[in-house]
Amino acid sequence: MKIVACIKRVPSTEATAKLSPDGRGVDTANLAYMTSFYDEIAVEQAVLTKEASGGEVTVLTIGPAEASKEVRECIAKGADAGIIMTDPEWGSRDNLSTAKVLAAKLGELDAELCFMGRVATDRDSASVGPMVATLLGWSCVTDVVALSLEDGTAQRETEQGLETISFSLPAVITCDKGLNEPRYAGLKGIMAAKKKPLEEVAFEEVPSQISTASLALPAERSEGRIVGEGPDAVPALMEALRNEAQAL
Amino acid sequence: MTTAIVFVEHSDNAPRRASLECLGAATSLTDSVVAVLSGAGAEEAAKALGAHGAGRAICLPGSDPFSPDGLARDVAAVVGEQGGGIFLAAATSRGRDLSPRVAALLDSALFSDCTALVRAGESLRATRPWLAGKVIATLESSGPVFCATTRLNAFNAAETGGTIEVSTGNSGGDFRELVKELSAKSGGQLDVKEAPVVISGGRGMKDADGFKILDELAAAFGNAAVGASRAAVDAGWRSHAEQVGQTGKVVSPQLYIAVGISGAIQHLAGMKTSTTIVAINKDADAPIFKLADYGIVGDVFEVVPALTAAVATLRAEG
Ligand SMILES: Cc1cc2nc3c(=O)[nH]c(=O)nc-3n(C[C@H](O)[C@H](O)[C@H](O)COP(=O)(O)OP(=O)(O)OC[C@H]3O[C@@H](n4cnc5c(N)ncnc54)[C@H](O)[C@@H]3O)c2cc1C
Ligand SMILES: Nc1ncnc2c1ncn2[C@@H]1O[C@H](COP(=O)(O)O)[C@@H](O)[C@H]1O
């Protein structure tokens with residue numbers, strides 16, 4: 001079985017964001033990057049699936065050439081190959097355009113199962129997985145915390161409780177925390193990854209629909225105060241919450 | 001005027017609050033709002049929507065068991081039939097699963113988890129957080145349908161007091177996914193994204209048992225949910241569904257109480273837009289105090305029970 005894990009290079013969660021001097025973009029000058037948190041869970045699930053039932057795992061990203069660092073790290077955890085769809089527009093590509101480009105590639109690769117993150121932690125869009133599945137006419141289960149390919153079922157977390165969904169292949173599964181514990185790449189994996197194929201490919205442009213009207217940093221909160229120490233401070237807190245903040 | 005199609009969720013024959021907020025967002029963009037509902041109880045729930053901005057409601061029979069991909073095709077078909085220029089849903093689990101599928105069927109990009117939607121001359125604009133709120137982006141789309149999900153607690157429900165015309169729509173077959181089972185949460189617990197009051201605990205709660213005092217405080221409030229920092233979730237004390245932060249849930253309640261949480265940047269990203277923030281921590285230098293409106297320096301196991309008693313007394317007085 002051809003298994004694909006889609007990953008995205010995103011700013012580190014440690015990063016504090018600044019705007020570029022013209023205010024039209026995020027200042028990327030000193031930004032550190034990482035593989036989006038949930039995409040690590042997607043890669044792990046792809047490798048676990050291969051280990052259990054065979055197949056071949058390809059790590060796929062649309063991004064800058066620099067994403068070879070993240071893709072290599074993912075390959076080192078047990079994938080077989082990596083593909084970077086080199087994209088000068090990667091900072092502004094919207095979810096539908098991303099989904100169209102990925103869907104076309106999944107078709108080309110003859111993939112049957114695609115793992116993605118629940119959400120990429122840069123634009124927090126949580127859309128690309130279900131969009132790809134819809135464009136391809138595949139099944140999709142989102143926010144998955146438990147998966148059994150044998151039974152063709154997946155569980156997802158909802159506000160009302162745990163939902164069990166039956167689905168058929170081909171499918172896109174978007175991975176949530178709890179599905180697995182991503183492994184660390186060992187030295188052996190890192191060495192092996194250097195010999196595995198990592199292609200940079202071009203693709204046919206699909207224009208984005210979304211454009212930025214303006215960007216802003218969130219308003220700073222006005223400074224608060226310590227109302228006191230220990231349980232004796234509770235009446236002062238209650239007073240402030242009732243009369244000042246009108247929060248009770 | 002552009003017609004907005006709003007997907008409305010319901011439970012116990014009544015619309016969910018998140019969906020009423022979403023209808024409120026729609027009424028600020030257009031006067032022509034059509035609600036679309038699905039499944040058993042839809043007709044009953046639809047009757048209540050006239051008072052909240054919808055002029056029409058279309059009830060889809062849906063499938064039994066429920067199919068996520070089937071619903072998406074039915075809803076996209078309604079948007080097409082109605083000539084809708086706007087499609088909105090609340091950013092709930094269902095709405096976040098449904099909306100990207102509908103958007104893809106409509107060949108439109110999607111604005112997820114918006115905090116504001118406005119009309120700017122001829123065009124519509126969506127404001128939404130990037131990087132878990134570290135940047136606030138205002139965006140436009142040149143796509144055929146303006147598709148967006150609305151963040152919970154970010155919009156007000158509209159109280160319009162109008163009447164509503166309810167009709168039945170069509171549901172197709174041929175499903176790829178079916179919901180087999182829902183194991184409901186115990187005791188109607190509130191989700192951290194929906195609750196007006198969120199009380200989160202961190203490593204300072206010491207162990208899973210330590211969270212009992214937070215469950216008790218939440219019970220005293222009556223409208224509160226208990227959240228957790230990643231440290232508490234990774235330790236196995238609470239479930240990931242309750243994690244607040246950049247890789248958990250982003251919450252924006254009226255009152256957020258951080259208990260035994262240091263205030264790491266990833267945690268702050270998930271709660272800093274809360275209206276009022278309270279922190280309880282034994283370390284006066286904890287970064288959380290920089291963000292909090294009110295802080296108490298002290299041991300959580302001494303402060304929280306006292307706070308629970310005070311809240312209970314206030315509630316009893318009415
Ligand atoms: C990729 C990535 C994603 C992340 N995502 C998230 C996320 O979504 N959410 C999140 O929360 N974190 C996230 N983190 C983790 C984050 O960096 C912190 O490690 C975490 O938030 C710390 O949790 P904490 O505040 O509970 O624990 P600590 O930082 O250990 O703080 C515990 C606090 O409790 C206080 N305390 C201890 N005992 C008591 C007592 N008896 N009474 C009063 N106070 C007491 C201490 O003074 C301290 O301030 C992420 C990290 C990474 C790398
Ligand atoms: N540029 C990209 N390249 C590869 N995969 C992506 C890209 N953007 C999004 N994805 C996948 O889609 C998931 C959800 O992303 P998003 O819809 O942007 O939140 C991510 O976790 C990735 O698995």
# chains A, B, ... in the order shown; residues from 1 in each chain; ligands from 1
call {"tool": "interface_residues", "arguments": {"of": "chain B", "to": "chain A", "cutoff": "7 Å", "atoms": "only C-alpha atoms", "output": "PyMOL selection string"}}
result
chain B and resi 93+97+100-101+104+108-110+112+130-132+134-143+176-185+191+240+254-255+265-266+276+290-299+302-303+306-307
call {"tool": "select_by_dssp", "arguments": {"residues": "range 155-239 of chain A", "states": "helix (DSSP H, G or I)", "output": "list in words"}}
result
Leu187, Lys188, Gly189, Ile190, Met191, Ala192, Ala193, Lys194, Lys195, Pro231, Asp232, Ala233, Val234, Pro235, Ala236, Leu237, Met238 and Glu239 of chain A
call {"tool": "write_last_selection", "arguments": {"atoms": "N, CA and C atoms", "output": "PDB file, in the first residue's frame"}}
result
ATOM      1  N   LEU A 187      20.101   7.442  15.738  1.00  0.00           N
ATOM      2  CA  LEU A 187      21.249   7.710  14.879  1.00  0.00           C
ATOM      3  C   LEU A 187      21.165   6.878  13.591  1.00  0.00           C
ATOM      4  N   LYS A 188      20.706   5.624  13.760  1.00  0.00           N
ATOM      5  CA  LYS A 188      20.586   4.740  12.612  1.00  0.00           C
ATOM      6  C   LYS A 188      19.608   5.318  11.584  1.00  0.00           C
ATOM      7  N   GLY A 189      18.495   5.787  12.096  1.00  0.00           N
ATOM      8  CA  GLY A 189      17.474   6.380  11.227  1.00  0.00           C
ATOM      9  C   GLY A 189      18.009   7.603  10.509  1.00  0.00           C
ATOM     10  N   ILE A 190      18.748   8.430  11.254  1.00  0.00           N
ATOM     11  CA  ILE A 190      19.290   9.662  10.665  1.00  0.00           C
ATOM     12  C   ILE A 190      20.283   9.319   9.554  1.00  0.00           C
ATOM     13  N   MET A 191      21.130   8.318   9.818  1.00  0.00           N
ATOM     14  CA  MET A 191      22.093   7.902   8.793  1.00  0.00           C
ATOM     15  C   MET A 191      21.359   7.325   7.577  1.00  0.00           C
ATOM     16  N   ALA A 192      20.382   6.468   7.843  1.00  0.00           N
ATOM     17  CA  ALA A 192      19.633   5.830   6.751  1.00  0.00           C
ATOM     18  C   ALA A 192      18.901   6.876   5.917  1.00  0.00           C
ATOM     19  N   ALA A 193      18.381   7.925   6.582  1.00  0.00           N
ATOM     20  CA  ALA A 193      17.593   8.953   5.888  1.00  0.00           C
ATOM     21  C   ALA A 193      18.427   9.655   4.823  1.00  0.00           C
ATOM     22  N   LYS A 194      19.748   9.748   5.068  1.00  0.00           N
ATOM     23  CA  LYS A 194      20.618  10.444   4.116  1.00  0.00           C
ATOM     24  C   LYS A 194      20.651   9.726   2.771  1.00  0.00           C
ATOM     25  N   LYS A 195      20.396   8.413   2.814  1.00  0.00           N
ATOM     26  CA  LYS A 195      20.469   7.640   1.571  1.00  0.00           C
ATOM     27  C   LYS A 195      19.115   7.484   0.898  1.00  0.00           C
ATOM     28  N   PRO A 231      -5.186  32.244  50.997  1.00  0.00           N
ATOM     29  CA  PRO A 231      -6.655  32.222  51.013  1.00  0.00           C
ATOM     30  C   PRO A 231      -7.272  33.533  51.510  1.00  0.00           C
ATOM     31  N   ASP A 232      -6.524  34.285  52.303  1.00  0.00           N
ATOM     32  CA  ASP A 232      -7.051  35.558  52.811  1.00  0.00           C
ATOM     33  C   ASP A 232      -7.332  36.549  51.684  1.00  0.00           C
ATOM     34  N   ALA A 233      -6.728  36.307  50.505  1.00  0.00           N
ATOM     35  CA  ALA A 233      -6.917  37.244  49.396  1.00  0.00           C
ATOM     36  C   ALA A 233      -8.202  36.957  48.619  1.00  0.00           C
ATOM     37  N   VAL A 234      -8.889  35.857  48.956  1.00  0.00           N
ATOM     38  CA  VAL A 234     -10.082  35.479  48.187  1.00  0.00           C
ATOM     39  C   VAL A 234     -11.188  36.547  48.225  1.00  0.00           C
ATOM     40  N   PRO A 235     -11.495  37.128  49.402  1.00  0.00           N
ATOM     41  CA  PRO A 235     -12.545  38.185  49.390  1.00  0.00           C
ATOM     42  C   PRO A 235     -12.193  39.350  48.462  1.00  0.00           C
ATOM     43  N   ALA A 236     -10.914  39.737  48.436  1.00  0.00           N
ATOM     44  CA  ALA A 236     -10.504  40.850  47.562  1.00  0.00           C
ATOM     45  C   ALA A 236     -10.682  40.454  46.095  1.00  0.00           C
ATOM     46  N   LEU A 237     -10.386  39.185  45.782  1.00  0.00           N
ATOM     47  CA  LEU A 237     -10.558  38.710  44.398  1.00  0.00           C
ATOM     48  C   LEU A 237     -12.039  38.720  44.018  1.00  0.00           C
ATOM     49  N   MET A 238     -12.885  38.218  44.921  1.00  0.00           N
ATOM     50  CA  MET A 238     -14.324  38.168  44.649  1.00  0.00           C
ATOM     51  C   MET A 238     -14.869  39.579  44.416  1.00  0.00           C
ATOM     52  N   GLU A 239     -14.427  40.493  45.240  1.00  0.00           N
ATOM     53  CA  GLU A 239     -14.836  41.897  45.138  1.00  0.00           C
ATOM     54  C   GLU A 239     -14.458  42.456  43.752  1.00  0.00           C
TER      55      GLU A 239
END
call {"tool": "residues_near_ligand", "arguments": {"ligand": "ligand 1", "cutoff": "8 Å", "atoms": "only C-alpha atoms and all ligand atoms", "output": "PyMOL selection string"}}
result
(chain A and resi 12-14+36-37) or (chain B and resi 201-206+228-232+243-249+259-270+280-284+286-288+297-301)
call {"tool": "residues_around", "arguments": {"residues": "range 33-47 of chain B", "least_positions_apart": "6", "cutoff": "7 Å", "atoms": "only C-alpha atoms", "output": "number ranges by chain"}}
result
B: 3-10, 13-15, 26-27, 53-62, 164, 166
call {"tool": "residues_around", "arguments": {"residues": "range 196-204 of chain A", "least_positions_apart": "2", "cutoff": "7 Å", "atoms": "only C-alpha atoms", "output": "ChimeraX atom specification"}}
result
/A:80-86,192-194,206
call {"tool": "select_by_dssp", "arguments": {"residues": "range 44-217 of chain A", "states": "strand (DSSP E or B)", "output": "tab-separated table (two decimals) with N, CA, C and O atoms, in the first residue's frame"}}
result
chain	number	residue	atom	x	y	z
A	56	GLU	N	4.65	1.43	1.75
A	56	GLU	CA	5.75	2.35	1.53
A	56	GLU	C	5.27	3.73	1.94
A	56	GLU	O	4.17	4.13	1.57
A	57	VAL	N	6.09	4.44	2.74
A	57	VAL	CA	5.67	5.74	3.25
A	57	VAL	C	6.44	6.87	2.57
A	57	VAL	O	7.67	6.90	2.59
A	58	THR	N	5.69	7.81	1.98
A	58	THR	CA	6.29	9.00	1.38
A	58	THR	C	5.88	10.22	2.20
A	58	THR	O	4.70	10.38	2.52
A	59	VAL	N	6.87	11.05	2.56
A	59	VAL	CA	6.58	12.30	3.25
A	59	VAL	C	6.47	13.39	2.20
A	59	VAL	O	7.36	13.56	1.37
A	60	LEU	N	5.35	14.11	2.22
A	60	LEU	CA	5.06	15.08	1.15
A	60	LEU	C	4.83	16.46	1.74
A	60	LEU	O	4.09	16.62	2.71
A	61	THR	N	5.48	17.46	1.16
A	61	THR	CA	5.21	18.82	1.60
A	61	THR	C	5.19	19.78	0.42
A	61	THR	O	5.88	19.56	-0.58
A	62	ILE	N	4.39	20.82	0.55
A	62	ILE	CA	4.48	21.97	-0.35
A	62	ILE	C	5.16	23.04	0.48
A	62	ILE	O	4.67	23.39	1.55
A	63	GLY	N	6.28	23.53	0.02
A	63	GLY	CA	6.98	24.51	0.84
A	63	GLY	C	8.26	24.96	0.18
A	63	GLY	O	8.52	24.66	-0.98
A	81	ALA	N	10.69	7.79	1.60
A	81	ALA	CA	11.05	8.80	0.61
A	81	ALA	C	10.39	10.13	0.97
A	81	ALA	O	9.45	10.17	1.76
A	82	GLY	N	10.93	11.21	0.38
A	82	GLY	CA	10.35	12.52	0.62
A	82	GLY	C	10.18	13.29	-0.68
A	82	GLY	O	10.95	13.08	-1.62
A	83	ILE	N	9.13	14.11	-0.72
A	83	ILE	CA	8.91	14.95	-1.90
A	83	ILE	C	8.64	16.38	-1.41
A	83	ILE	O	7.75	16.59	-0.57
A	84	ILE	N	9.39	17.32	-1.93
A	84	ILE	CA	9.10	18.73	-1.66
A	84	ILE	C	8.56	19.34	-2.95
A	84	ILE	O	9.26	19.35	-3.97
A	85	MET	N	7.35	19.82	-2.90
A	85	MET	CA	6.80	20.55	-4.04
A	85	MET	C	7.21	21.99	-3.82
A	85	MET	O	6.59	22.73	-3.04
A	86	THR	N	8.30	22.38	-4.46
A	86	THR	CA	8.94	23.66	-4.17
A	86	THR	C	8.04	24.81	-4.58
A	86	THR	O	7.58	24.88	-5.71
A	113	LEU	N	-3.75	5.83	1.16
A	113	LEU	CA	-3.98	6.28	2.53
A	113	LEU	C	-3.10	7.50	2.76
A	113	LEU	O	-1.90	7.47	2.45
A	114	CYS	N	-3.71	8.56	3.27
A	114	CYS	CA	-2.95	9.79	3.50
A	114	CYS	C	-3.19	10.26	4.92
A	114	CYS	O	-4.33	10.45	5.34
A	115	PHE	N	-2.11	10.43	5.68
A	115	PHE	CA	-2.22	10.97	7.03
A	115	PHE	C	-1.82	12.44	7.01
A	115	PHE	O	-0.82	12.82	6.40
A	116	MET	N	-2.62	13.25	7.67
A	116	MET	CA	-2.31	14.68	7.79
A	116	MET	C	-2.45	15.08	9.25
A	116	MET	O	-2.96	14.31	10.07
A	117	GLY	N	-2.04	16.29	9.57
A	117	GLY	CA	-2.26	16.81	10.91
A	117	GLY	C	-3.69	17.31	11.04
A	117	GLY	O	-4.34	17.64	10.06
A	139	SER	N	-12.72	8.90	1.48
A	139	SER	CA	-13.23	9.05	2.84
A	139	SER	C	-12.33	10.00	3.60
A	139	SER	O	-11.16	10.16	3.27
A	140	CYS	N	-12.89	10.60	4.65
A	140	CYS	CA	-12.09	11.44	5.52
A	140	CYS	C	-12.60	11.32	6.94
A	140	CYS	O	-13.80	11.43	7.18
A	141	VAL	N	-11.71	11.07	7.87
A	141	VAL	CA	-12.08	11.20	9.28
A	141	VAL	C	-11.12	12.22	9.90
A	141	VAL	O	-9.90	12.12	9.72
A	142	THR	N	-11.69	13.21	10.58
A	142	THR	CA	-10.88	14.31	11.13
A	142	THR	C	-10.68	14.12	12.63
A	142	THR	O	-11.45	13.41	13.29
A	143	ASP	N	-9.66	14.75	13.17
A	143	ASP	CA	-9.37	14.79	14.62
A	143	ASP	C	-9.31	13.39	15.21
A	143	ASP	O	-9.88	13.13	16.28
A	144	VAL	N	-8.61	12.49	14.55
A	144	VAL	CA	-8.65	11.08	14.95
A	144	VAL	C	-7.72	10.82	16.15
A	144	VAL	O	-6.56	11.20	16.14
A	145	VAL	N	-8.27	10.15	17.17
A	145	VAL	CA	-7.49	9.80	18.36
A	145	VAL	C	-7.29	8.29	18.49
A	145	VAL	O	-6.51	7.83	19.32
A	146	ALA	N	-8.01	7.50	17.68
A	146	ALA	CA	-7.81	6.05	17.67
A	146	ALA	C	-8.20	5.54	16.29
A	146	ALA	O	-9.15	6.05	15.69
A	147	LEU	N	-7.44	4.55	15.79
A	147	LEU	CA	-7.65	4.10	14.42
A	147	LEU	C	-7.46	2.59	14.33
A	147	LEU	O	-6.51	2.05	14.88
A	148	SER	N	-8.40	1.92	13.66
A	148	SER	CA	-8.20	0.51	13.34
A	148	SER	C	-8.47	0.30	11.86
A	148	SER	O	-9.62	0.36	11.41
A	153	THR	N	-12.41	1.53	11.15
A	153	THR	CA	-13.04	2.51	12.04
A	153	THR	C	-12.00	3.47	12.60
A	153	THR	O	-10.82	3.14	12.73
A	154	ALA	N	-12.48	4.66	12.92
A	154	ALA	CA	-11.64	5.66	13.56
A	154	ALA	C	-12.48	6.37	14.60
A	154	ALA	O	-13.70	6.47	14.45
A	155	GLN	N	-11.82	6.85	15.66
A	155	GLN	CA	-12.56	7.60	16.68
A	155	GLN	C	-12.09	9.04	16.68
A	155	GLN	O	-10.90	9.33	16.53
A	156	ARG	N	-13.07	9.92	16.82
A	156	ARG	CA	-12.72	11.35	16.89
A	156	ARG	C	-13.37	11.98	18.11
A	156	ARG	O	-14.44	11.59	18.56
A	157	GLU	N	-12.68	12.99	18.62
A	157	GLU	CA	-13.11	13.70	19.80
A	157	GLU	C	-14.10	14.80	19.37
A	157	GLU	O	-13.80	15.55	18.46
A	161	GLY	N	-18.60	14.03	23.00
A	161	GLY	CA	-17.98	12.77	23.40
A	161	GLY	C	-17.22	12.16	22.24
A	161	GLY	O	-16.95	12.83	21.24
A	162	LEU	N	-16.90	10.88	22.40
A	162	LEU	CA	-16.09	10.19	21.40
A	162	LEU	C	-16.98	9.59	20.32
A	162	LEU	O	-17.88	8.80	20.61
A	163	GLU	N	-16.71	9.95	19.05
A	163	GLU	CA	-17.51	9.47	17.94
A	163	GLU	C	-16.75	8.35	17.23
A	163	GLU	O	-15.57	8.53	16.92
A	164	THR	N	-17.40	7.23	16.97
A	164	THR	CA	-16.75	6.16	16.20
A	164	THR	C	-17.31	6.17	14.79
A	164	THR	O	-18.53	6.13	14.59
A	165	ILE	N	-16.41	6.25	13.80
A	165	ILE	CA	-16.82	6.39	12.40
A	165	ILE	C	-16.27	5.22	11.59
A	165	ILE	O	-15.09	4.87	11.74
A	166	SER	N	-17.11	4.60	10.78
A	166	SER	CA	-16.60	3.59	9.87
A	166	SER	C	-16.35	4.24	8.51
A	166	SER	O	-17.09	5.13	8.09
A	167	PHE	N	-15.28	3.82	7.86
A	167	PHE	CA	-14.90	4.43	6.58
A	167	PHE	C	-14.25	3.37	5.71
A	167	PHE	O	-13.92	2.29	6.19
A	171	ALA	N	-8.48	6.82	1.88
A	171	ALA	CA	-8.94	7.75	2.91
A	171	ALA	C	-7.86	8.74	3.32
A	171	ALA	O	-6.67	8.46	3.22
A	172	VAL	N	-8.33	9.89	3.78
A	172	VAL	CA	-7.47	10.86	4.46
A	172	VAL	C	-7.83	10.81	5.94
A	172	VAL	O	-9.01	10.89	6.29
A	173	ILE	N	-6.83	10.66	6.78
A	173	ILE	CA	-7.04	10.65	8.23
A	173	ILE	C	-6.30	11.87	8.78
A	173	ILE	O	-5.10	12.02	8.55
A	174	THR	N	-7.00	12.75	9.50
A	174	THR	CA	-6.27	13.86	10.14
A	174	THR	C	-6.06	13.51	11.61
A	174	THR	O	-6.98	13.10	12.30
A	175	CYS	N	-4.81	13.63	12.04
A	175	CYS	CA	-4.36	13.04	13.30
A	175	CYS	C	-4.37	14.05	14.44
A	175	CYS	O	-3.89	15.17	14.30
A	198	LEU	N	15.02	12.02	-1.76
A	198	LEU	CA	14.26	13.24	-1.43
A	198	LEU	C	14.26	14.09	-2.70
A	198	LEU	O	15.29	14.64	-3.10
A	199	GLU	N	13.09	14.17	-3.31
A	199	GLU	CA	12.98	14.88	-4.59
A	199	GLU	C	12.45	16.29	-4.37
A	199	GLU	O	11.55	16.48	-3.54
A	200	GLU	N	12.93	17.22	-5.13
A	200	GLU	CA	12.28	18.53	-5.21
A	200	GLU	C	11.58	18.61	-6.55
A	200	GLU	O	12.22	18.44	-7.58
A	201	VAL	N	10.29	18.82	-6.55
A	201	VAL	CA	9.57	18.84	-7.82
A	201	VAL	C	8.79	20.16	-7.99
A	201	VAL	O	8.42	20.80	-7.02
A	210	ILE	N	-7.61	33.58	-1.51
A	210	ILE	CA	-7.56	34.43	-0.31
A	210	ILE	C	-6.41	35.43	-0.42
A	210	ILE	O	-5.29	35.06	-0.81
A	211	SER	N	-6.71	36.69	-0.10
A	211	SER	CA	-5.66	37.71	-0.06
A	211	SER	C	-5.75	38.45	1.27
A	211	SER	O	-6.81	38.49	1.91
A	212	THR	N	-4.64	39.03	1.66
A	212	THR	CA	-4.58	39.71	2.96
A	212	THR	C	-4.96	41.18	2.81
A	212	THR	O	-4.38	41.89	2.01
A	213	ALA	N	-5.96	41.62	3.58
A	213	ALA	CA	-6.32	43.04	3.58
A	213	ALA	C	-5.45	43.79	4.57
A	213	ALA	O	-4.93	44.86	4.28
A	214	SER	N	-5.27	43.22	5.76
A	214	SER	CA	-4.38	43.84	6.74
A	214	SER	C	-3.99	42.83	7.81
A	214	SER	O	-4.67	41.84	8.01
A	215	LEU	N	-2.87	43.10	8.46
A	215	LEU	CA	-2.43	42.27	9.57
A	215	LEU	C	-2.24	43.17	10.78
A	215	LEU	O	-1.91	44.34	10.65
A	216	ALA	N	-2.43	42.59	11.96
A	216	ALA	CA	-2.21	43.36	13.18
A	216	ALA	C	-1.70	42.43	14.25
A	216	ALA	O	-1.89	41.21	14.17
call {"tool": "atom_distance", "arguments": {"atom1": "CA of Cys74 in chain A", "atom2": "CA of Arg93 in chain A"}}
result
22.7 Å
call {"tool": "atom_distance", "arguments": {"atom1": "atom 7 (C, counted along the ligand's line) of ligand 2", "atom2": "CA of Glu44 in chain A"}}
result
16.8 Å
call {"tool": "residues_around", "arguments": {"residues": "Ala157 in chain B", "least_positions_apart": "4", "cutoff": "7 Å", "atoms": "only C-alpha atoms", "output": "number ranges by chain"}}
result
B: 20-21, 23-24, 52
call {"tool": "write_last_selection", "arguments": {"atoms": "N, CA and C atoms", "output": "CSV table (one decimal), in the first residue's frame"}}
result
chain,number,residue,atom,x,y,z
B,20,LEU,N,-26.5,29.8,17.0
B,20,LEU,CA,-27.2,31.1,17.1
B,20,LEU,C,-26.2,32.2,17.0
B,21,GLU,N,-25.0,32.1,17.5
B,21,GLU,CA,-23.9,33.1,17.4
B,21,GLU,C,-23.6,33.2,15.9
B,23,LEU,N,-25.5,32.5,13.3
B,23,LEU,CA,-26.6,33.2,12.7
B,23,LEU,C,-26.5,34.7,12.9
B,24,GLY,N,-26.1,35.1,14.1
B,24,GLY,CA,-25.9,36.5,14.4
B,24,GLY,C,-24.8,37.1,13.5
B,52,HIS,N,-34.0,34.6,15.6
B,52,HIS,CA,-32.6,34.8,15.6
B,52,HIS,C,-32.0,35.1,14.3
